[in-house]
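The file protein-v2.pdb comes next; it holds PDB, C-alpha atoms, pLDDT in the B column.
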ATOM      1  CA  MET A1343      14.628  25.140   9.387  1.00 66.00           C
ATOM      2  CA  ALA A1344      11.040  25.791   8.287  1.00 75.00           C
ATOM      3  CA  ALA A1345       8.239  24.475  10.465  1.00 78.00           C
ATOM      4  CA  ALA A1346       5.962  21.704   9.244  1.00 83.00           C
ATOM      5  CA  PRO A1347       2.618  22.890   7.820  1.00 90.00           C
ATOM      6  CA  ALA A1348      -0.243  22.813  10.301  1.00 88.00           C
ATOM      7  CA  ALA A1349      -3.458  21.274   8.953  1.00 88.00           C
ATOM      8  CA  ARG A1350      -6.475  23.454   9.836  1.00 88.00           C
ATOM      9  CA  PHE A1351      -8.973  20.798   8.762  1.00 93.00           C
ATOM     10  CA  PRO A1352      -9.773  17.223   9.910  1.00 95.00           C
ATOM     11  CA  VAL A1353      -6.885  15.610   8.038  1.00 96.00           C
ATOM     12  CA  PHE A1354      -7.120  12.258   9.845  1.00 96.00           C
ATOM     13  CA  GLY A1355     -10.811  11.948   9.083  1.00 97.00           C
ATOM     14  CA  LEU A1356     -10.176  12.793   5.438  1.00 98.00           C
ATOM     15  CA  VAL A1357      -7.420  10.188   5.214  1.00 98.00           C
ATOM     16  CA  ARG A1358      -9.777   7.538   6.559  1.00 97.00           C
ATOM     17  CA  LEU A1359     -12.594   8.657   4.250  1.00 98.00           C
ATOM     18  CA  LEU A1360     -10.388   8.656   1.143  1.00 98.00           C
ATOM     19  CA  GLY A1361      -8.846   5.332   2.139  1.00 98.00           C
ATOM     20  CA  LEU A1362     -12.288   3.740   2.390  1.00 98.00           C
ATOM     21  CA  ALA A1363     -13.273   5.356  -0.922  1.00 98.00           C
ATOM     22  CA  ALA A1364     -10.156   3.974  -2.635  1.00 98.00           C
ATOM     23  CA  ALA A1365     -10.762   0.475  -1.221  1.00 98.00           C
ATOM     24  CA  ALA A1366     -14.400   0.579  -2.328  1.00 98.00           C
ATOM     25  CA  ALA A1367     -13.457   1.901  -5.774  1.00 98.00           C
ATOM     26  CA  ILE A1368     -10.967  -0.875  -6.534  1.00 98.00           C
ATOM     27  CA  VAL A1369     -13.521  -3.500  -5.445  1.00 98.00           C
ATOM     28  CA  VAL A1370     -16.163  -1.854  -7.660  1.00 98.00           C
ATOM     29  CA  TRP A1371     -13.709  -1.878 -10.558  1.00 98.00           C
ATOM     30  CA  ALA A1372     -12.896  -5.582 -10.096  1.00 98.00           C
ATOM     31  CA  VAL A1373     -16.503  -6.710  -9.576  1.00 98.00           C
ATOM     32  CA  HIS A1374     -18.616  -4.300 -11.627  1.00 98.00           C
ATOM     33  CA  PHE A1375     -16.304  -3.502 -14.536  1.00 98.00           C
ATOM     34  CA  ARG A1376     -14.140  -6.638 -14.698  1.00 98.00           C
ATOM     35  CA  GLY A1377     -16.648  -9.331 -13.734  1.00 98.00           C
ATOM     36  CA  GLY A1378     -15.459 -10.428 -10.295  1.00 98.00           C
ATOM     37  CA  MET A1379     -12.548 -12.126  -8.555  1.00 98.00           C
ATOM     38  CA  ALA A1380     -11.383 -15.697  -8.014  1.00 98.00           C
ATOM     39  CA  LEU A1381      -8.293 -17.419  -6.674  1.00 97.00           C
ATOM     40  CA  SER A1382      -8.783 -20.144  -9.264  1.00 97.00           C
ATOM     41  CA  SER A1383     -10.745 -20.235 -12.523  1.00 97.00           C
ATOM     42  CA  GLU A1384     -10.769 -22.667 -15.438  1.00 94.00           C
ATOM     43  CA  THR A1385     -12.777 -20.442 -17.772  1.00 94.00           C
ATOM     44  CA  ASP A1386     -11.779 -16.826 -17.135  1.00 97.00           C
ATOM     45  CA  LYS A1387      -8.197 -16.351 -15.954  1.00 97.00           C
ATOM     46  CA  LEU A1388      -8.724 -12.593 -15.687  1.00 97.00           C
ATOM     47  CA  LEU A1389     -10.753 -13.241 -12.534  1.00 98.00           C
ATOM     48  CA  ILE A1390      -7.516 -14.431 -10.925  1.00 98.00           C
ATOM     49  CA  PHE A1391      -5.720 -11.267 -11.985  1.00 98.00           C
ATOM     50  CA  ASN A1392      -8.496  -9.089 -10.538  1.00 98.00           C
ATOM     51  CA  VAL A1393      -7.589 -10.220  -7.036  1.00 98.00           C
ATOM     52  CA  HIS A1394      -4.131  -8.679  -7.442  1.00 98.00           C
ATOM     53  CA  PRO A1395      -4.932  -4.934  -7.586  1.00 98.00           C
ATOM     54  CA  VAL A1396      -7.606  -5.249  -4.892  1.00 98.00           C
ATOM     55  CA  LEU A1397      -5.290  -6.839  -2.330  1.00 98.00           C
ATOM     56  CA  MET A1398      -2.319  -4.663  -3.224  1.00 98.00           C
ATOM     57  CA  LEU A1399      -4.206  -1.402  -2.927  1.00 98.00           C
ATOM     58  CA  ILE A1400      -6.036  -2.334   0.268  1.00 98.00           C
ATOM     59  CA  GLY A1401      -2.853  -3.722   1.823  1.00 98.00           C
ATOM     60  CA  LEU A1402       0.040  -1.485   0.830  1.00 98.00           C
ATOM     61  CA  VAL A1403      -1.936   1.762   0.515  1.00 98.00           C
ATOM     62  CA  VAL A1404      -5.023   1.743   2.751  1.00 98.00           C
ATOM     63  CA  LEU A1405      -3.920  -0.458   5.662  1.00 98.00           C
ATOM     64  CA  ASN A1406      -0.339   0.764   5.442  1.00 98.00           C
ATOM     65  CA  GLY A1407      -1.547   4.358   5.641  1.00 98.00           C
ATOM     66  CA  GLU A1408      -3.581   3.545   8.743  1.00 98.00           C
ATOM     67  CA  ALA A1409      -0.552   1.813  10.264  1.00 98.00           C
ATOM     68  CA  ILE A1410       1.696   4.804   9.625  1.00 97.00           C
ATOM     69  CA  LEU A1411      -0.785   7.091  11.402  1.00 97.00           C
ATOM     70  CA  ALA A1412      -1.489   4.685  14.276  1.00 97.00           C
ATOM     71  CA  TYR A1413       0.827   6.601  16.599  1.00 94.00           C
ATOM     72  CA  LYS A1414      -1.377   9.675  16.069  1.00 95.00           C
ATOM     73  CA  THR A1415      -4.843   8.158  15.765  1.00 95.00           C
ATOM     74  CA  VAL A1416      -4.927   5.250  18.233  1.00 95.00           C
ATOM     75  CA  PRO A1417      -5.720   6.237  21.831  1.00 94.00           C
ATOM     76  CA  GLY A1418      -3.976   4.513  24.701  1.00 93.00           C
ATOM     77  CA  THR A1419      -0.460   3.576  25.658  1.00 94.00           C
ATOM     78  CA  LYS A1420       2.590   3.666  23.406  1.00 93.00           C
ATOM     79  CA  LYS A1421       2.725  -0.124  23.591  1.00 94.00           C
ATOM     80  CA  LEU A1422      -0.832  -0.362  22.255  1.00 97.00           C
ATOM     81  CA  LYS A1423      -0.061   2.101  19.454  1.00 96.00           C
ATOM     82  CA  LYS A1424       3.020   0.080  18.546  1.00 96.00           C
ATOM     83  CA  LEU A1425       1.009  -3.154  18.536  1.00 97.00           C
ATOM     84  CA  VAL A1426      -1.667  -1.691  16.239  1.00 98.00           C
ATOM     85  CA  HIS A1427       1.041  -0.299  13.933  1.00 98.00           C
ATOM     86  CA  LEU A1428       2.763  -3.689  13.799  1.00 98.00           C
ATOM     87  CA  ALA A1429      -0.455  -5.683  13.308  1.00 98.00           C
ATOM     88  CA  LEU A1430      -1.805  -3.471  10.521  1.00 98.00           C
ATOM     89  CA  GLN A1431       1.453  -3.620   8.638  1.00 98.00           C
ATOM     90  CA  PHE A1432       1.628  -7.393   9.063  1.00 98.00           C
ATOM     91  CA  LEU A1433      -1.865  -7.654   7.566  1.00 98.00           C
ATOM     92  CA  ALA A1434      -0.802  -5.327   4.744  1.00 98.00           C
ATOM     93  CA  MET A1435       2.247  -7.506   4.079  1.00 98.00           C
ATOM     94  CA  LEU A1436       0.142 -10.680   4.100  1.00 98.00           C
ATOM     95  CA  LEU A1437      -2.381  -9.251   1.621  1.00 98.00           C
ATOM     96  CA  SER A1438       0.404  -8.031  -0.654  1.00 98.00           C
ATOM     97  CA  LEU A1439       2.054 -11.463  -0.713  1.00 98.00           C
ATOM     98  CA  ILE A1440      -1.252 -13.082  -1.658  1.00 98.00           C
ATOM     99  CA  GLY A1441      -1.719 -10.382  -4.285  1.00 98.00           C
ATOM    100  CA  LEU A1442       1.745 -11.134  -5.678  1.00 98.00           C
ATOM    101  CA  TRP A1443       0.932 -14.837  -5.809  1.00 98.00           C
ATOM    102  CA  THR A1444      -2.305 -14.241  -7.730  1.00 98.00           C
ATOM    103  CA  VAL A1445      -0.675 -12.167 -10.464  1.00 98.00           C
ATOM    104  CA  TRP A1446       2.173 -14.681 -10.719  1.00 98.00           C
ATOM    105  CA  LYS A1447      -0.400 -17.482 -11.023  1.00 98.00           C
ATOM    106  CA  PHE A1448      -2.285 -15.508 -13.675  1.00 98.00           C
ATOM    107  CA  HIS A1449       0.874 -14.985 -15.722  1.00 98.00           C
ATOM    108  CA  ASP A1450       1.790 -18.659 -15.458  1.00 98.00           C
ATOM    109  CA  GLU A1451      -1.633 -19.876 -16.539  1.00 97.00           C
ATOM    110  CA  ARG A1452      -1.835 -17.402 -19.423  1.00 97.00           C
ATOM    111  CA  GLN A1453       1.833 -18.031 -20.346  1.00 97.00           C
ATOM    112  CA  ILE A1454       2.754 -14.371 -19.965  1.00 97.00           C
ATOM    113  CA  ASP A1455       6.321 -13.300 -19.175  1.00 98.00           C
ATOM    114  CA  HIS A1456       7.077 -12.166 -15.643  1.00 97.00           C
ATOM    115  CA  LEU A1457       8.710  -8.905 -14.556  1.00 97.00           C
ATOM    116  CA  TYR A1458       9.033  -7.152 -17.910  1.00 97.00           C
ATOM    117  CA  THR A1459       7.314  -3.860 -16.998  1.00 98.00           C
ATOM    118  CA  LEU A1460       8.346  -0.965 -14.792  1.00 98.00           C
ATOM    119  CA  HIS A1461       5.204  -1.524 -12.721  1.00 98.00           C
ATOM    120  CA  SER A1462       6.269  -5.083 -11.927  1.00 98.00           C
ATOM    121  CA  TRP A1463       9.758  -3.944 -10.939  1.00 98.00           C
ATOM    122  CA  LEU A1464       8.345  -1.250  -8.664  1.00 98.00           C
ATOM    123  CA  GLY A1465       5.833  -3.654  -7.149  1.00 98.00           C
ATOM    124  CA  LEU A1466       8.322  -6.416  -6.414  1.00 98.00           C
ATOM    125  CA  SER A1467      10.763  -3.901  -4.914  1.00 98.00           C
ATOM    126  CA  CYS A1468       7.997  -2.476  -2.755  1.00 98.00           C
ATOM    127  CA  ILE A1469       6.990  -5.900  -1.393  1.00 98.00           C
ATOM    128  CA  ILE A1470      10.566  -7.018  -0.726  1.00 98.00           C
ATOM    129  CA  PHE A1471      11.587  -3.852   1.100  1.00 98.00           C
ATOM    130  CA  PHE A1472       8.256  -3.582   2.925  1.00 98.00           C
ATOM    131  CA  SER A1473       8.763  -7.120   4.262  1.00 98.00           C
ATOM    132  CA  LEU A1474      12.331  -6.299   5.322  1.00 98.00           C
ATOM    133  CA  GLN A1475      11.131  -3.084   6.963  1.00 98.00           C
ATOM    134  CA  TRP A1476       8.482  -4.983   8.928  1.00 98.00           C
ATOM    135  CA  ALA A1477      10.884  -7.730  10.004  1.00 98.00           C
ATOM    136  CA  THR A1478      13.508  -5.197  11.112  1.00 97.00           C
ATOM    137  CA  GLY A1479      10.903  -3.189  13.023  1.00 97.00           C
ATOM    138  CA  PHE A1480       9.521  -6.303  14.706  1.00 97.00           C
ATOM    139  CA  TYR A1481      12.969  -7.499  15.750  1.00 97.00           C
ATOM    140  CA  THR A1482      14.211  -4.112  16.944  1.00 96.00           C
ATOM    141  CA  PHE A1483      11.139  -2.465  18.468  1.00 95.00           C
ATOM    142  CA  TRP A1484       9.026  -5.421  19.574  1.00 95.00           C
ATOM    143  CA  TYR A1485      10.704  -8.820  20.077  1.00 95.00           C
ATOM    144  CA  PRO A1486      13.296  -9.510  21.282  1.00 94.00           C
ATOM    145  CA  GLY A1487      13.979  -5.763  21.050  1.00 93.00           C
ATOM    146  CA  GLY A1488      17.244  -3.969  20.467  1.00 91.00           C
ATOM    147  CA  SER A1489      19.180  -1.907  22.928  1.00 93.00           C
ATOM    148  CA  ARG A1490      17.914   1.571  23.788  1.00 93.00           C
ATOM    149  CA  SER A1491      20.725   3.196  21.791  1.00 95.00           C
ATOM    150  CA  GLY A1492      20.178   0.815  18.883  1.00 93.00           C
ATOM    151  CA  ARG A1493      16.444   1.619  18.761  1.00 95.00           C
ATOM    152  CA  ALA A1494      17.144   5.334  18.964  1.00 95.00           C
ATOM    153  CA  SER A1495      19.628   5.106  16.083  1.00 96.00           C
ATOM    154  CA  LEU A1496      17.334   3.025  13.884  1.00 96.00           C
ATOM    155  CA  LEU A1497      14.099   4.928  14.529  1.00 96.00           C
ATOM    156  CA  PRO A1498      14.705   7.907  12.174  1.00 96.00           C
ATOM    157  CA  TRP A1499      15.597   5.508   9.374  1.00 97.00           C
ATOM    158  CA  HIS A1500      12.580   3.342  10.170  1.00 97.00           C
ATOM    159  CA  VAL A1501      10.288   6.361   9.892  1.00 96.00           C
ATOM    160  CA  PHE A1502      11.983   7.568   6.702  1.00 97.00           C
ATOM    161  CA  PHE A1503      11.787   4.195   4.949  1.00 98.00           C
ATOM    162  CA  GLY A1504       8.205   3.772   6.121  1.00 98.00           C
ATOM    163  CA  LEU A1505       7.185   6.981   4.368  1.00 98.00           C
ATOM    164  CA  PHE A1506       9.354   6.216   1.342  1.00 98.00           C
ATOM    165  CA  LEU A1507       7.738   2.792   0.912  1.00 98.00           C
ATOM    166  CA  TYR A1508       4.281   4.323   1.274  1.00 98.00           C
ATOM    167  CA  VAL A1509       5.044   6.780  -1.538  1.00 98.00           C
ATOM    168  CA  LEU A1510       6.473   3.882  -3.568  1.00 98.00           C
ATOM    169  CA  ALA A1511       3.234   1.934  -3.008  1.00 98.00           C
ATOM    170  CA  ILE A1512       1.208   4.899  -4.293  1.00 98.00           C
ATOM    171  CA  ALA A1513       3.455   5.231  -7.346  1.00 98.00           C
ATOM    172  CA  THR A1514       3.254   1.486  -8.017  1.00 98.00           C
ATOM    173  CA  SER A1515      -0.541   1.490  -7.736  1.00 98.00           C
ATOM    174  CA  VAL A1516      -0.914   4.438 -10.092  1.00 98.00           C
ATOM    175  CA  SER A1517       1.487   2.897 -12.612  1.00 98.00           C
ATOM    176  CA  GLY A1518      -0.470  -0.360 -12.391  1.00 98.00           C
ATOM    177  CA  LEU A1519      -3.743   1.402 -13.151  1.00 98.00           C
ATOM    178  CA  LEU A1520      -2.105   3.166 -16.085  1.00 98.00           C
ATOM    179  CA  GLU A1521      -0.562  -0.035 -17.405  1.00 98.00           C
ATOM    180  CA  LYS A1522      -3.827  -1.979 -17.150  1.00 98.00           C
ATOM    181  CA  SER A1523      -5.789   0.817 -18.809  1.00 98.00           C
ATOM    182  CA  ILE A1524      -3.322   1.015 -21.718  1.00 98.00           C
ATOM    183  CA  PHE A1525      -3.336  -2.775 -22.151  1.00 97.00           C
ATOM    184  CA  MET A1526      -7.143  -2.851 -22.278  1.00 98.00           C
ATOM    185  CA  GLN A1527      -7.312   0.089 -24.670  1.00 98.00           C
ATOM    186  CA  SER A1528      -4.735  -1.531 -26.962  1.00 97.00           C
ATOM    187  CA  ALA A1529      -6.783  -4.742 -26.960  1.00 97.00           C
ATOM    188  CA  LYS A1530      -9.937  -2.760 -27.768  1.00 97.00           C
ATOM    189  CA  MET A1531     -11.526  -3.915 -24.513  1.00 97.00           C
ATOM    190  CA  ILE A1532     -12.356  -0.345 -23.500  1.00 98.00           C
ATOM    191  CA  GLY A1533     -12.344   3.031 -25.217  1.00 98.00           C
ATOM    192  CA  ARG A1534     -10.028   5.869 -24.312  1.00 96.00           C
ATOM    193  CA  PHE A1535     -12.894   7.951 -22.960  1.00 97.00           C
ATOM    194  CA  SER A1536     -15.046   5.081 -21.736  1.00 98.00           C
ATOM    195  CA  THR A1537     -16.636   5.102 -18.297  1.00 98.00           C
ATOM    196  CA  GLU A1538     -14.176   2.471 -17.106  1.00 98.00           C
ATOM    197  CA  ALA A1539     -11.135   4.379 -18.362  1.00 98.00           C
ATOM    198  CA  MET A1540     -12.317   7.560 -16.634  1.00 98.00           C
ATOM    199  CA  PHE A1541     -13.073   5.560 -13.464  1.00 98.00           C
ATOM    200  CA  MET A1542      -9.521   4.189 -13.408  1.00 98.00           C
ATOM    201  CA  ASN A1543      -8.050   7.643 -14.007  1.00 98.00           C
ATOM    202  CA  SER A1544     -10.150   9.039 -11.171  1.00 98.00           C
ATOM    203  CA  LEU A1545      -8.993   6.281  -8.842  1.00 98.00           C
ATOM    204  CA  GLY A1546      -5.388   7.136  -9.690  1.00 98.00           C
ATOM    205  CA  MET A1547      -5.973  10.790  -8.830  1.00 98.00           C
ATOM    206  CA  LEU A1548      -7.683   9.731  -5.597  1.00 98.00           C
ATOM    207  CA  LEU A1549      -4.613   7.713  -4.608  1.00 98.00           C
ATOM    208  CA  VAL A1550      -2.310  10.679  -5.234  1.00 98.00           C
ATOM    209  CA  LEU A1551      -4.509  12.875  -3.037  1.00 98.00           C
ATOM    210  CA  LEU A1552      -4.641  10.194  -0.351  1.00 98.00           C
ATOM    211  CA  GLY A1553      -0.851   9.932  -0.361  1.00 98.00           C
ATOM    212  CA  ALA A1554      -0.472  13.691   0.025  1.00 98.00           C
ATOM    213  CA  LEU A1555      -2.881  13.749   2.971  1.00 98.00           C
ATOM    214  CA  VAL A1556      -1.153  10.849   4.741  1.00 98.00           C
ATOM    215  CA  ILE A1557       2.196  12.627   4.504  1.00 97.00           C
ATOM    216  CA  LEU A1558       0.584  15.865   5.729  1.00 96.00           C
ATOM    217  CA  ALA A1559      -1.005  13.980   8.630  1.00 96.00           C
ATOM    218  CA  VAL A1560       2.408  12.601   9.613  1.00 96.00           C
ATOM    219  CA  VAL A1561       4.244  15.927   9.615  1.00 94.00           C
ATOM    220  CA  THR A1562       1.513  18.275  10.857  1.00 92.00           C
ATOM    221  CA  PRO A1563       1.942  19.394  14.474  1.00 87.00           C
ATOM    222  CA  GLY A1564      -0.816  19.025  17.022  1.00 67.00           C
ATOM    223  CA  VAL A1565      -2.385  16.181  18.952  1.00 55.00           C
ATOM    224  CA  GLY A1566      -0.320  13.047  18.524  1.00 51.00           C
ATOM    225  CA  LYS A1567       2.521  15.056  16.990  1.00 45.00           C
ATOM    226  CA  ILE A1568       5.479  13.440  15.314  1.00 42.00           C
ATOM    227  CA  ASP A1569       7.354  13.324  18.641  1.00 40.00           C
ATOM    228  CA  THR A1570       5.200  10.298  19.386  1.00 41.00           C
ATOM    229  CA  TYR A1571       7.399   8.319  17.014  1.00 42.00           C
ATOM    230  CA  ARG A1572      10.337   8.975  19.270  1.00 42.00           C
ATOM    231  CA  GLY A1573       8.427   7.368  22.090  1.00 40.00           C
ATOM    232  CA  SER A1574       8.125   4.163  20.116  1.00 43.00           C
ATOM    233  CA  SER A1575      11.819   3.560  20.560  1.00 45.00           C
ATOM    234  CA  GLU A1576      11.356   3.233  24.301  1.00 44.00           C
TER     235      GLU A1576
END
So that I can check it, write out the structure of this file as structure tokens.
Amino acid sequence: MAAAPAARFPVFGLVRLLGLAAAAAIVVWAVHFRGGMALSSETDKLLIFNVHPVLMLIGLVVLNGEAILAYKTVPGTKKLKKLVHLALQFLAMLLSLIGLWTVWKFHDERQIDHLYTLHSWLGLSCIIFFSLQWATGFYTFWYPGGSRSGRASLLPWHVFFGLFLYVLAIATSVSGLLEKSIFMQSAKMIGRFSTEAMFMNSLGMLLVLLGALVILAVVTPGVGKIDTYRGSSE
């Protein structure tokens, strides 16, 4: 079996830098290009929608990525690493649920059909399975905690589904950017080669690069190597 690639550059620092850049970019898009955000608005319902991509990206991509790497980046005991991992993913889940509520509210108030696009199917699947993944992890690895053999059996699947859901979150975010850009171009809100369209395309490429680096950071050997995950079953 081939060995995992060894990163010869500060991959964890780059992940954090790109994660912050992605979070900042989606906020800039919502505030600068789209006019701001609001949980409720009588005049401009699009302000309600703008909350959705911001919370989804920050939650399921940025915070989730940090949570996945917590076993490698957080100093201290395995219990502390596990707690940080659990807390970050709980925050990610909470933000994603609020983000889901805002887009549902926007659709209701604008009388738009729900769940008719591939992006919406991917997004709902991601949130449902992410919530189940968190609940299963909490019950098995934290409280009340499964048996030692049960934790050891579940752990490889927990790690696999964690990475799978992270990739799904990246794919959902990119498809959402594409969908929104096409909708706005079709409505003549922006041009195909406008600054905003290019900004959204660039953000999509940034997310793909971020996803690749997170996966590399997980599999690369070195300090905090992947064996740390095995310790989380203890």
Shell around stretch 1418-1431 of chain A at 10 Å using all atoms listed in the file, local window under 4 positions removed, as number ranges by chain:
A: 1401-1402, 1404-1414, 1435-1437, 1472-1473, 1475-1477, 1479-1480, 1483-1484, 1570-1571, 1573-1576
Could you expand the PyMOL selection byres ((chain A and resi 1360) around 9) into the explicit residues it covers here, written as number ranges by chain?
A: 1355-1359, 1361-1365, 1404, 1548-1549, 1551-1552
Set up a box along x, y and z of the file covering all listed atoms of stretch 1479-1482 of chain A, add 8 Å on every one of the six sides, and write the centre and edge lengths in Å to one decimal, as AutoDock Vina command-line options.
--center_x 11.9 --center_y -5.3 --center_z 15.0 --size_x 20.7 --size_y 20.3 --size_z 19.9
Using all atoms listed in the file, determine which residues lie at most 9 Å from A:Ala1348, disregarding the query and same-chain residues fewer than 4 positions distant; provide the list as a PyMOL selection string.
chain A and resi 1558+1561-1564
On this file, the PyMOL selection byres ((chain A and resi 1464) around 10) gives some set of residues; write that set as a PyMOL selection string.
chain A and resi 1457+1459-1463+1465-1469+1510-1511+1513-1515+1517-1518
Do you have the atom CA of A:Tyr1458-atom CA of A:Leu1519 distance handy?
16.1 Å
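With only C-alpha atoms as the atoms that count, the residue of A:Val1560, A:Leu1389, A:Leu1520, A:Val1416 with the shortest distance to A:Ala1372 is A:Leu1389.
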Kindly give the distance, in Å, that separates atom CA of A:Leu1442 and atom CA of A:His1394, rounded to a single decimal.
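If I compute the distance from atom CA of A:Leu1442 to atom CA of A:His1394, I get 6.6 Å.
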Enter the distance from atom CA of A:Tyr1481 to atom CA of A:Gly1441, in Å, rounded to one decimal.
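These two atoms are separated by 25.0 Å.
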Which of A:Pro1486, A:Ala1434, A:Leu1505, A:Phe1541 sits closest to A:Ala1559 [using all atoms listed in the file]:
A:Leu1505
